[in-house]
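Undergrad: Shown below is the structure under consideration.
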Amino acid sequence: MEQPSLLPLLDERLPLTEEKVAEAARLAGVPLAQAWGVVAYYPRYRGLPQGRLLVDDPVARARGFSRLREEAEGTYPPLGLEALSPVYLRFTEKGRFLEWEGRWVPFREFRLPFALGRGHGLLPPEPAPTLAQYLALGGLGGLRAWKGGLLDPGKVLKAVEEAGLLGRGGAAFPTHVKMRAVAQGQAPKYLVVNADESEPGNFKDRFLLEHHPFLVLEGALLAALAVGASRVYLYVREEFEAAILGLERAIRELEEAGFLFVPTEVFRSGGLYICGEETALLESMEGKRAEPRLKPPFPVERGLWGRPTLVQNVETLANLPLLLREGPEAWRRKEPKLFSISGDVARPGLYELPLGTPLGEALRRAGGEPEALQAVLLGGAAGVFTRDWDLPLAYGGRLPLGAGAIVAFGKDVDLWEVLEGLAHFFQEESCGKCFPCPLGTAVQVGMVRRRERDPSLLQDLAATLRGSLCGLGQSAFWAYRSLLEVEGAA
Amino acid sequence: MMRTTCPYCGVGCQVEPEVREGRVVRVLAPDLPPNHGALCVKGRFGLDFPFSGKRLLYPMVRERKGAPLRRATWEEALDFAAGKLLEVLRRKGPGGIAVFPSAKTTNEEVYLAQKLARALLSTHNVDHCSRLCHSSSTAALSRSLGGASMTNPIEDVWKTDLFLVVGSNTTETHPVIAAMIKKRVRQGARMIVVDPRYTGMAEAATLWLRVRPGTDVFLLNAMARYLLEEGLWDRAYVEARTEGFAEWRASLEGYTLEAAQEVTGVPKEGIAEAARLYATTERAGAYWAMGVTQHTKGTATAQALVNLALLTGKVGKEGAGLNPLRGQNNVQGAGDMGALPDVYPGYLRVAEEGPRRRFEALWGVPLPEAPGLRMTEVFAAIPEVEAIYLIGEDPVTSEPYQDHVKEKLLALPFLVVQDILENETTPFADVVLPAASFLEKEGTFTNTDRRVQRVRKLLDPPGEARPDWWITQELGKRLAQALGRPWPTYPGPETIWEEVRRAIPEMVGGISYARLEAQGVRWPCPEEGHPGEAVLFREGFNTPTGKARFFPAPYTPPAETPSPDYPLTLSTGRVLFHWHGGTLSRNSQLNQAYPELKVEVNPIDAKRLGLEDGEPVYVVSRRGRIRARAWVTERTPEGVVYAPFHFAEAPANRLTLDALDPVSRIPEYKVSAVRLEKAD
Amino acid sequence: MRLKVNGKEVEAKEGALLLEVAPVPTLCHHPHTETRGVCRLCLVEVNGRLAPACATEVREGMEVRTDTEGLKALRRTLLEWLALTTDLSLAPGLLGLMAAYGAEPGRWKEAPSRRGRPPIRDNPFFLRDYAKCVNCRRCVDACGDGIMGVYALTLAGRGLQAHPTTPLDRPLPETPCVFCGNCVQVCPTGALRPLALEVG
């Protein structure tokens, strides 16, 4: 880090006292005011909840939330466990555990079952936690080519451009545009891998990080080399402890094998939904409250510590080795995309499907019969309810795809209860920086609770939230509005 | 809302006090220079002193020594004062009287007071509190550059890439300028701070040099010598724009980095780095205050700064320059208006014929040729000096060696005190004249960067208090009648200002009240269309040759050094919440934030004495002792205690000594030998 | 350069903000602080996209609308939400805007409130009454980056509960506060106000 970052300094000192906060501030070279603002922002610095906690995700909301809630002392935000939902956690002085198959599994040992992943192309057929296994699966071709002088920045950028790779984090922005902008920027430059997956319903990045760390790292290193980044940071959701350990091990192995061409490290995330917003993410890395920045300037111009920074989603980067191996033409024909399918389907899991696959077909692949479903939530909390089974799952279509979450709801699910969970989620996760979002998400909770259907109120709610500073607030009413549409169509 | 000028410090912030039912309930700052909306605690919350119960509400006289002060009418008091002054004049001649105009009053009032001294009493015994603050800077700047003020405007902060701040606790004494400088540093500028204390500026500095008190001149000379050795000086500038270089250069012989490290306690690498940074940054500005000037070598220290700036070509350029930060609201104006024993308004020399002729013509009187006595010399000359007309000043609190000052005041046959509030000097007065505060009159103040700004009347004065200009004019009228000299009746401050414009058109000829309505205007401003000069000496200097002159600036040890009986060094100064003698701030709600004297003691010294933070302690010097509360802090270095001088009940100046700088006659407030004793 | 504001051509200097040429209400923006883009009251439509006028520079040929139905609804709704959650009794500017936009907070029926926060009187000079605070951050900026560089104020909490506080939530005299009152001057809602106003 160019400057010592406050968050790791605080993390090292947990549980915090006033003296420890002051010490961390001194070491980071920031005013105590800034450190206190940070401590009073991120939940983990104020002490985590203890006891049995229900993971409050859309699937749990659909399975009789109030009954499930009765068996827990509190709730915890979605954790990429929707395919296994409902899930209970145990937070004790000894650590954080997940209740799984009758055992308490520590976070650092828990990975999504490998069997949840279905696909071959982007998703390798076997887990590859070690370099040897990754090599056995034919991995590391890209970095070897680089080492052998067969690849250079121009070739990588060209391939990415010709493939037309769009960002897989939800915004679907052309990857080469960002890469070229950073490539043209002045050093030092950075690559930040956005591995802060926290959109309810999504678990694709979690799965990749837990089972294919080398694939992610190879993609990240190729991108870093292509744009001339002097350092790679993996900003990983801090609850993904097993993934973090695996990544750190993988980084060491790559370094020992002489393939870590750009210094790479893991940064434990701030632990909030908003940390996935790229500028809020950068703020948290700089030791500040994870609040979105005004754009422009965009991170490609002024990112981490004000330097040109490429922020890319895990899945986007994981595509690079495949794309370079098979060539843009071949890759383009597949256009692989990972869909996290959960809820009322027979085989919830992570499905690798070509972009454009109709929604109904995707559901059937997961053992869900569209006609038996009431609706799906497409894209996550920042998504929409729909029953348009013919909808092609592609970017730029009628409905936003987000990062590819599909949560299916059967006929007897109370969708308003699911929506209430989403509204509650937005209210909890609003950072409070701009005005529309904290006010609007709080007002929305009341509206959803009383099943408000007044179109003029909903229209004004939408018009106002639309003016929020970042995507969190801007999308917070989508699900609400879409539910009324689904209701109307039914 | 009415806009006026803050009556504290030399920044000259523009303020808009909101008055409700005769009280100031809120103070806002307009988006105008110099402060552009910002204020410090004094301007924001300290403008309530005019409502203090200690306001002087009616004139008082003491008919003979030993009698109590009694209430009098204005007629009585003024007749009595005039009669006594005339008596002294007849008996002792002009040398028996001194007039001290106040740097807290307006330009118009200062002008009138010095005119009263010169034109009616025929004396140049005129001086003001600058003698105690920046007289050293004035002396050095005048002889080297031919001008005594900041060479650069405050807003040049935004163009400065390196600040060299010497002996200025700017965050507490000029907080609004400090905030600007600190913001500029946050934007990437660098700052070197030379100070024994870990001040707010030291905290914000890129490089802090913790000098031993009173050794700054050695450090500055060593920087100059190092730059000469390294060839890091501006030869072209020195050749084209200066003189006296060779002689000065020869004087630097002994000032090696090694010797400097020994004397100042600053590692030689730090001194070299500071020199390098200053010399190699194009836009580097020097800022300083009392840490430089209040020494027996104050003039030498200011001179060393001037020399360093000339050597590196920093004068006459944007974002650079030599910038003494002036302490009182109108101390710049008081000097400009001639409240000095050797110059008329506009710094025209008393000893020269041209200026004398000019003022003789303007005032219609013959004027004396010899310069008068300086303030510190006047006190020393009592009882040869028999009468003092003292305006807005509290020498008992502000002069060094208080017991001695009190003796002198007791020995003074006649003292006229004109002030807005009762203070420590009032009990010594023979006539007390109650004055109007800044909220209760019209006029102008001139701030530290030479900006003339309006003072506006928002309220009527309480009781029988009257504006200073009215009082001086009435006193003058009586003297003029008796002496048969001309003394016009001015209907108000604007008429007085018009006379100032006629007197020194080269300085303020272009500054009219009408023009000041919009915002303040900086001098020199010779005519109406002139915008006012921001950066001085762009082309030439105000010296006979047009060149700036180097002067040797020798280091000498302090007058009093620590001894086994008095092992600590006392440094005095100010704190954020108070101002000078405390007459204003201690009669304001500011006092609630800082109600009693705290002396800063280094933890090592505290431990040696078994002293805990917050414990009562006596500070004792050869001249007296005061009681204070110990503040155990790293802010002050080992061996040094720091005491603010605002507290009448625990006056730091009871401890200080009256050793003076040979050139400026400033006292050595920053170094005296003391010891601490635990109190119970 | 020339641009169009609500269909009318206007002339603007290069580097000027839209705020200077477009008639919009503001709240978080203040000439002495660096806060901008927070309150969203000054949002305008630039070639159809929303942009804060306080943080957007003019560009040649821009088409700016300040008064679309959507923008009017946004401002009206925001004001209603503020009134619903916050004590605006000492914010004449906001009350004026509410009247101008025909705000009816009651139509939203319920919302969490910030009104319950007790006033904090911890220094001789001014009051901190966060029941009236809309969290515009002008005070925090004036204390820190914007003007003073003192950093005696920061923000606590998130979402609607985010509000200014001091380091370690200490009384102001125990913080680096220098009581310059620049925070008081820039406060738009009377949440920070001189004690002298209270007794008078």
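Residue numbering restarts at 1 in every chain; chains get A, B, ... in the order shown in the structure tokens, and ligands count up from 1 in that same order.
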Which residues come within 12 Å of Ala652 (chain B), counting only C-alpha atoms, excluding same-chain residues fewer than 4 positions away, as JSON, numbers by chain?
TA: {"B": [396, 397, 398, 399, 400, 401, 402, 403, 570, 571, 572, 573, 574, 580, 581, 597, 598, 599, 618, 619, 620, 621, 623, 624, 625, 626, 627, 628, 641, 642, 643, 644, 645, 646, 647, 648, 656, 657, 669, 670, 671, 672, 674]}
Undergrad: What are the nearest atom pairs, with distances in Å to one decimal, for all residues of region 97-191 of chain A that come at most 10 Å from region 52-58 of chain A, using only C-alpha atoms, set out by chain and rising residue number as JSON lines?
TA:
```
{"residue": "A:Phe97", "atom": "CA", "partner": "A:Arg52", "partner_atom": "CA", "distance": 9.5}
{"residue": "A:Leu98", "atom": "CA", "partner": "A:Leu53", "partner_atom": "CA", "distance": 9.5}
{"residue": "A:Glu99", "atom": "CA", "partner": "A:Arg52", "partner_atom": "CA", "distance": 9.3}
```
Undergrad: For Trp108 (chain C), work out the shell of residues within 9 Å, counting only C-alpha atoms and skipping chain neighbours fewer than 5 positions away, then give it as a list of chain:residue names.
TA: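 Once the nearby chain positions are removed, what remains is A:Val443, A:Gly446, A:Met447, A:Leu457, C:Glu80, C:Trp81, C:Leu84.
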Undergrad: Please find the residues of chain C near chain A - the criterion being any atom within 7 Å, counting only C-alpha atoms - and write them as a list in words.
TA: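 That gives Gly37, Val38, Cys39, Arg40, Leu50, Gly70, Ala73, Leu74, Thr77, Leu78, Trp81, Glu110, Ala111, Pro112, Tyr151, Ala152, Leu153, Thr154, Leu155, Ala156, Gly157, Arg158, Gly159, Leu160, Ala162, Thr166, Pro167 and Leu168 of chain C for chain C.
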Undergrad: Would you give me, as a list in words, the residues in region 15-100 of chain C that DSSP reads as alpha helix (DSSP H)?
TA: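 Matching residues for alpha helix (DSSP H) in region 15-100 of chain C are Glu69, Gly70, Leu71, Lys72, Ala73, Leu74, Arg75, Arg76, Thr77, Leu78, Leu79, Glu80, Trp81, Leu82, Ala83, Leu84, Thr85, Pro92, Gly93, Leu94, Leu95, Gly96, Leu97, Met98, Ala99 and Ala100 of chain C.
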Undergrad: Just want the 7 Å neighbourhood of region 57-73 of chain B, counted on only C-alpha atoms, with same-chain residues fewer than 2 positions away dropped. Output as number ranges by chain.
TA: B: 55, 75-77, 430-434, 462-465
Undergrad: Write down as a ChimeraX atom specification the residues of region 376-593 of chain B whose backbone DSSP state falls under strand (DSSP E).
TA: /B:387-391,414-419,431-434,443-446,451-455,521-522,548-549,568-573
Undergrad: Could you list, as a PDB file with N, CA and C atoms, in the first residue's frame, every residue within 9 Å of Tyr347 (chain B), counting only C-alpha atoms and ignoring same-chain residues fewer than 4 positions away?
TA:
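Contents of the output file result00.pdb:
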```pdb
ATOM      1  N   GLY B 147      10.776  49.136   3.786  1.00  0.00           N
ATOM      2  CA  GLY B 147       9.328  48.990   4.009  1.00  0.00           C
ATOM      3  C   GLY B 147       9.119  48.008   5.133  1.00  0.00           C
ATOM      4  N   ALA B 148       8.097  48.266   5.958  1.00  0.00           N
ATOM      5  CA  ALA B 148       7.914  47.422   7.136  1.00  0.00           C
ATOM      6  C   ALA B 148       6.526  46.809   7.127  1.00  0.00           C
ATOM      7  N   GLY B 335       1.362  51.861  12.770  1.00  0.00           N
ATOM      8  CA  GLY B 335       2.658  52.243  12.214  1.00  0.00           C
ATOM      9  C   GLY B 335       2.466  53.133  10.988  1.00  0.00           C
ATOM     10  N   ASP B 336       1.548  52.735  10.119  1.00  0.00           N
ATOM     11  CA  ASP B 336       1.299  53.507   8.903  1.00  0.00           C
ATOM     12  C   ASP B 336       0.913  54.945   9.235  1.00  0.00           C
ATOM     13  N   MET B 337       0.151  55.096  10.339  1.00  0.00           N
ATOM     14  CA  MET B 337      -0.368  56.408  10.707  1.00  0.00           C
ATOM     15  C   MET B 337       0.629  57.216  11.534  1.00  0.00           C
ATOM     16  N   GLY B 338       1.824  56.671  11.723  1.00  0.00           N
ATOM     17  CA  GLY B 338       2.881  57.446  12.363  1.00  0.00           C
ATOM     18  C   GLY B 338       2.938  57.352  13.869  1.00  0.00           C
ATOM     19  N   LEU B 340       4.894  56.239  15.809  1.00  0.00           N
ATOM     20  CA  LEU B 340       6.272  55.811  16.045  1.00  0.00           C
ATOM     21  C   LEU B 340       7.110  57.064  16.287  1.00  0.00           C
ATOM     22  N   ASP B 342      10.071  57.893  15.337  1.00  0.00           N
ATOM     23  CA  ASP B 342      11.026  58.346  14.327  1.00  0.00           C
ATOM     24  C   ASP B 342      10.406  58.596  12.954  1.00  0.00           C
ATOM     25  N   VAL B 343       9.130  58.306  12.825  1.00  0.00           N
ATOM     26  CA  VAL B 343       8.517  58.531  11.509  1.00  0.00           C
ATOM     27  C   VAL B 343       7.144  59.194  11.630  1.00  0.00           C
TER      28      VAL B 343
END
```
Undergrad: Give me, as a VMD selection string, all polymer residues having an atom no more than 7 Å from Val64 (chain C), counting only C-alpha atoms and skipping those fewer than 3 positions away in the same chain.
TA: chain C and resid 4 to 6 44 to 47
Undergrad: Point out the residue among C:Cys180, C:Leu195, C:Met62, C:Val186 with the least atom-to-atom distance to chain B, counting only C-alpha atoms.
TA: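 Using only C-alpha atoms, the shortest distance to chain B belongs to C:Cys180.
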Undergrad: Expressed in Å to a single decimal, how great is the separation between CA of Glu560 (chain B) and CA of Ala289 (chain B)?
TA: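 CA of Ala289 (chain B) lies 21.4 Å from CA of Glu560 (chain B).
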Undergrad: Residues near Pro557 (chain B), anyone? I mean within 12 Å using only C-alpha atoms, not counting same-chain ones fewer than 2 positions away, as a PyMOL selection string.
TA: chain B and resi 212-218+263-264+295-298+300+554-555+559-562+661+668+671-672
Undergrad: With 8 Å as the limit and counting only C-alpha atoms, what residues in chain B lie close to chain C? Please list them as a list in words.
TA: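 The complete set of qualifying residues is Arg20, Val24, Val25, Arg26, Leu28, Ala29, His36, Gly37, Ala38, Leu39, Cys40, Val41, Lys42, Arg44, Phe45, Ala179, Met180, Lys182, Lys183, Leu576, Gln589, Gln592 and Ala593 of chain B.
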